[in-house]
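Asks: File upload25.csv follows (CSV, C-alpha atoms):
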chain,number,residue,atom,x,y,z
V,188,MET,CA,138.7,127.6,70.4
V,189,THR,CA,135.7,127.6,68.1
V,190,SER,CA,132.4,129.2,68.5
V,191,ASN,CA,129.1,127.5,68.2
V,192,THR,CA,127.2,130.7,67.5
V,193,GLY,CA,124.7,130.1,64.8
V,194,ALA,CA,125.1,126.3,65.0
V,195,ALA,CA,122.1,124.1,65.7
V,196,ALA,CA,121.6,123.3,69.4
V,197,ALA,CA,122.6,119.7,70.4
V,198,THR,CA,119.6,117.5,70.8
V,199,GLU,CA,119.0,114.1,72.5
V,200,THR,CA,116.8,111.2,71.9
V,201,ALA,CA,114.5,109.4,74.3
V,202,VAL,CA,112.5,106.2,73.5
V,203,LEU,CA,109.6,105.3,75.8
V,204,GLY,CA,106.9,102.7,75.8
V,205,GLY,CA,103.8,103.2,78.0
V,206,GLY,CA,100.9,101.5,76.4
V,207,CYS,CA,99.5,102.7,73.1
V,208,PHE,CA,101.9,105.1,71.3
V,209,TRP,CA,99.0,107.4,70.4
V,210,CYS,CA,98.7,108.4,74.1
V,211,LEU,CA,102.4,109.2,74.6
V,212,GLU,CA,102.7,110.9,71.2
V,213,ALA,CA,99.8,113.3,72.0
V,214,VAL,CA,101.2,114.3,75.3
V,215,TYR,CA,104.8,114.8,74.3
V,216,GLN,CA,103.8,116.8,71.2
V,217,GLU,CA,102.7,119.5,73.8
V,218,VAL,CA,105.9,119.5,75.8
V,219,ASP,CA,108.1,122.5,75.6
V,220,GLY,CA,111.6,121.4,74.4
V,221,VAL,CA,110.4,118.3,72.6
V,222,LEU,CA,111.2,119.0,69.0
V,223,HIS,CA,109.9,115.9,67.3
V,224,VAL,CA,107.7,112.9,68.4
V,225,GLU,CA,107.5,109.8,66.3
V,226,SER,CA,105.5,106.6,67.0
V,227,GLY,CA,107.3,103.3,66.3
V,228,TYR,CA,108.3,99.9,67.5
V,229,THR,CA,111.4,98.5,69.3
V,230,GLY,CA,112.5,95.7,71.5
V,231,GLY,CA,111.6,92.8,69.3
V,232,ALA,CA,113.3,90.3,67.1
V,233,GLN,CA,111.7,90.8,63.7
V,234,PRO,CA,113.1,93.5,61.4
V,235,ASP,CA,110.7,96.2,60.1
V,236,PRO,CA,107.5,94.8,61.7
V,237,THR,CA,104.0,95.9,60.8
V,238,TYR,CA,101.4,97.2,63.2
V,239,GLU,CA,99.4,94.0,62.7
V,240,GLN,CA,102.4,91.8,63.5
V,241,VAL,CA,103.3,93.8,66.6
V,242,CYS,CA,99.6,93.6,67.8
V,243,GLY,CA,99.7,89.9,67.3
V,244,GLY,CA,102.3,89.7,70.0
V,245,ALA,CA,104.7,87.4,68.4
V,246,THR,CA,107.4,89.9,67.4
V,247,GLY,CA,108.3,91.0,70.9
V,248,HIS,CA,108.2,94.7,70.0
V,249,ALA,CA,106.7,97.4,72.2
V,250,GLU,CA,104.8,100.4,70.9
V,251,VAL,CA,107.0,103.3,71.7
V,252,VAL,CA,107.5,107.0,71.0
V,253,LYS,CA,110.9,108.3,69.9
V,254,LEU,CA,111.4,111.9,71.2
V,255,GLU,CA,114.0,114.3,69.9
V,256,PHE,CA,114.4,117.0,72.6
V,257,ASP,CA,116.5,120.0,73.5
V,258,PRO,CA,118.2,119.3,76.9
V,259,ALA,CA,118.7,123.0,77.3
V,260,VAL,CA,114.9,123.4,77.5
V,261,ILE,CA,113.8,120.1,79.1
V,262,GLY,CA,115.9,117.5,80.8
V,263,TYR,CA,115.6,113.7,80.4
V,264,ARG,CA,114.6,113.5,84.1
V,265,GLU,CA,111.6,115.8,83.4
V,266,LEU,CA,110.6,113.8,80.4
V,267,LEU,CA,110.6,110.6,82.6
V,268,GLU,CA,108.6,112.4,85.3
V,269,ILE,CA,105.9,113.2,82.7
V,270,PHE,CA,106.1,109.6,81.5
V,271,PHE,CA,105.4,108.2,85.0
V,272,THR,CA,102.5,110.6,85.5
V,273,ILE,CA,100.6,109.8,82.2
V,274,HIS,CA,100.7,106.0,82.3
V,275,ASP,CA,100.4,103.3,84.9
V,276,PRO,CA,103.9,101.8,85.5
V,277,THR,CA,102.6,99.1,87.8
V,278,THR,CA,100.7,96.9,85.4
V,279,PRO,CA,102.8,94.4,83.4
V,280,ASN,CA,101.9,94.3,79.7
V,281,ARG,CA,98.8,96.4,79.9
V,282,GLN,CA,97.5,99.9,80.0
V,283,GLY,CA,93.8,100.0,80.8
V,284,ASN,CA,92.0,97.7,78.2
V,285,ASP,CA,95.2,97.5,76.0
V,286,VAL,CA,96.7,94.1,76.9
V,287,GLY,CA,99.8,92.5,75.5
V,288,THR,CA,103.5,92.7,75.6
V,289,GLN,CA,103.4,95.4,73.0
V,290,TYR,CA,101.8,97.7,75.7
V,291,ARG,CA,104.5,97.2,78.3
V,292,SER,CA,106.0,100.0,80.3
V,293,VAL,CA,109.6,100.4,79.1
V,294,ILE,CA,112.4,102.9,78.9
V,295,TYR,CA,115.0,102.3,76.2
V,296,TYR,CA,118.0,104.3,77.3
V,297,GLN,CA,120.4,105.7,74.8
V,298,SER,CA,123.5,106.3,77.1
V,299,PRO,CA,124.8,105.3,80.5
V,300,GLU,CA,123.7,108.7,81.7
V,301,GLN,CA,120.1,108.1,80.6
V,302,GLU,CA,120.2,104.7,82.3
V,303,ALA,CA,121.4,106.2,85.6
V,304,THR,CA,118.8,108.9,85.4
V,305,ALA,CA,116.1,106.4,84.7
V,306,ARG,CA,117.1,104.3,87.7
V,307,GLN,CA,117.0,107.3,89.9
V,308,VAL,CA,113.5,108.3,88.6
V,309,ILE,CA,112.2,104.8,89.0
V,310,ALA,CA,113.4,104.7,92.6
V,311,ALA,CA,111.8,108.0,93.3
V,312,MET,CA,108.5,107.0,91.7
V,313,ALA,CA,108.4,103.8,93.8
V,314,HIS,CA,107.3,106.1,96.6
V,315,VAL,CA,104.5,107.6,94.6
V,316,TRP,CA,102.7,104.5,93.4
V,317,ASP,CA,100.9,102.0,95.7
V,318,ALA,CA,102.1,99.0,93.7
V,319,PRO,CA,105.6,98.0,92.6
V,320,ILE,CA,106.8,99.6,89.4
V,321,VAL,CA,107.3,97.1,86.6
V,322,THR,CA,108.7,99.4,84.0
V,323,GLU,CA,111.5,97.7,82.1
V,324,LEU,CA,114.8,99.4,81.6
V,325,SER,CA,116.6,98.3,78.5
V,326,PRO,CA,119.4,99.5,76.3
V,327,ALA,CA,118.5,101.0,72.9
V,328,GLN,CA,117.3,98.4,70.4
V,329,PRO,CA,116.7,98.7,66.7
V,330,TYR,CA,113.9,101.1,66.2
V,331,PHE,CA,111.3,101.0,63.4
V,332,LYS,CA,109.0,103.9,62.6
V,333,ALA,CA,105.3,103.0,62.7
V,334,GLU,CA,103.1,103.3,59.6
V,335,ASP,CA,102.3,106.9,58.5
V,336,TYR,CA,98.7,106.6,59.6
V,337,HIS,CA,99.8,106.2,63.2
V,338,GLN,CA,101.8,109.5,63.2
V,339,ASP,CA,100.1,112.5,64.7
V,340,TYR,CA,97.1,110.3,65.3
V,341,PHE,CA,95.3,112.2,68.1
V,342,ARG,CA,95.6,115.6,66.4
V,343,GLN,CA,94.1,114.1,63.2
V,344,HIS,CA,91.3,112.1,65.0
V,345,PRO,CA,90.5,113.8,68.3
V,346,LEU,CA,86.8,112.6,68.2
V,347,GLN,CA,87.6,109.0,67.4
V,348,GLY,CA,86.4,106.8,70.3
V,349,TYR,CA,89.7,105.7,71.6
V,350,CYS,CA,91.2,109.2,71.3
V,351,ALA,CA,88.2,110.8,73.1
V,352,PHE,CA,88.0,108.3,75.9
V,353,VAL,CA,91.6,107.1,76.4
V,354,VAL,CA,94.1,109.6,74.8
V,355,ALA,CA,92.3,112.9,75.7
V,356,PRO,CA,92.2,112.2,79.5
V,357,LYS,CA,96.0,111.6,79.5
V,358,VAL,CA,96.5,114.9,77.6
V,359,ALA,CA,94.2,116.6,80.1
V,360,LYS,CA,96.2,115.1,83.0
V,361,PHE,CA,99.5,116.3,81.5
V,362,ARG,CA,98.0,119.9,81.0
V,363,LYS,CA,96.8,120.0,84.6
V,364,THR,CA,99.9,118.5,86.2
V,365,PHE,CA,102.6,120.0,84.0
V,366,GLY,CA,101.0,123.2,82.6
V,367,GLU,CA,104.2,125.1,82.9
V,368,ARG,CA,105.9,122.6,80.6
V,369,ARG,CA,103.5,123.2,77.7
V,370,LYS,CA,104.7,124.8,74.4
Can the structure from this file be put into structure tokens for me?

Replies:
Amino acid sequence: MTSNTGAAAATETAVLGGGCFWCLEAVYQEVDGVLHVESGYTGGAQPDPTYEQVCGGATGHAEVVKLEFDPAVIGYRELLEIFFTIHDPTTPNRQGNDVGTQYRSVIYYQSPEQEATARQVIAAMAHVWDAPIVTELSPAQPYFKAEDYHQDYFRQHPLQGYCAFVVAPKVAKFRKTFGERRK
């Protein structure tokens, strides 16, 4: 029997789309147990799409965040509970004024266990929301990192209009609702 003492802890990946990736990125950067957050694109047909192409709506990609997390600190279920609290999973292809398929609510599961957990959380959340949940559940797709200027966007531009009026309220909601989960 071998010992894992001193070895790096096992991490998992979650890929979530819930509107503009800046909103999700800003929230998950504050979650205890989330080790890395990256904005990107997935779910489309074109390899290595640009932001302009994704915003054009023809590539089929969603704006997503890819999370690397420590399941010993925070579970996948808890990450999804945060996800369903900080965005509206009842509006197809839109979050507020952001409209288009790139803003769809979607979970890209990485394993059968993540799929089963996501189905359970979606079923539980159906009792919380007044309208039907339209969040898509899809197997992992090729993922493409967004351009560097999209990474860590809210931290770099907190006073930019979109950040101040759209991202900041989602961060505030997370802090109020999940304060015990903050780093």

Asks: Within 7 Å of Glu212 of chain V, counting all atoms listed in the file, which residues qualify if same-chain residues fewer than 3 places away don't, as a short mmCIF file (atom, residue, chain, number, x, y, z; two decimals) with C-alpha atoms, in the frame of the given file?

Replies:
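Contents of result.cif, freshly written:
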data_model
loop_
_atom_site.label_atom_id
_atom_site.label_comp_id
_atom_site.auth_asym_id
_atom_site.auth_seq_id
_atom_site.Cartn_x
_atom_site.Cartn_y
_atom_site.Cartn_z
CA PHE V 208 101.90 105.10 71.30
CA TRP V 209 99.00 107.40 70.40
CA TYR V 215 104.80 114.80 74.30
CA GLN V 216 103.80 116.80 71.20
CA VAL V 224 107.70 112.90 68.40
CA GLU V 225 107.50 109.80 66.30
CA SER V 226 105.50 106.60 67.00
CA VAL V 252 107.50 107.00 71.00
#

Asks: Segment 342-345 of chain V: which residues within 10 Å, counting only C-alpha atoms, same-chain residues fewer than 2 positions away excluded, as a list in words?

Replies: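 What passes the distance filter is Trp209, Glu212, Ala213, Gln216, Tyr336, His337, Gln338, Asp339, Tyr340, Gln347, Gly348, Tyr349, Cys350, Ala351, Phe352, Val354 and Ala355 of chain V.
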
Asks: Measure the distance from atom CA of Gly230 of chain V to atom CA of Tyr296 of chain V in Å and round it to one decimal.

Replies: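 These two atoms are separated by 11.7 Å.
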
Asks: What is the distance between atom CA of Tyr290 of chain V and atom CA of Ile320 of chain V, in Å to one decimal?

Replies: 14.7 Å

Asks: May I ask which of the residues V:Cys242, V:Val293, V:Leu266, V:Ala303 is the closest one to Val321 of chain V, counting only C-alpha atoms?

Replies: V:Val293

Asks: Using all atoms listed in the file, pick whichever of V:Val218, V:Val353, V:Pro276, V:Ala333 has the shortest atom-to-atom distance to Ile261 of chain V.

Replies: V:Val218
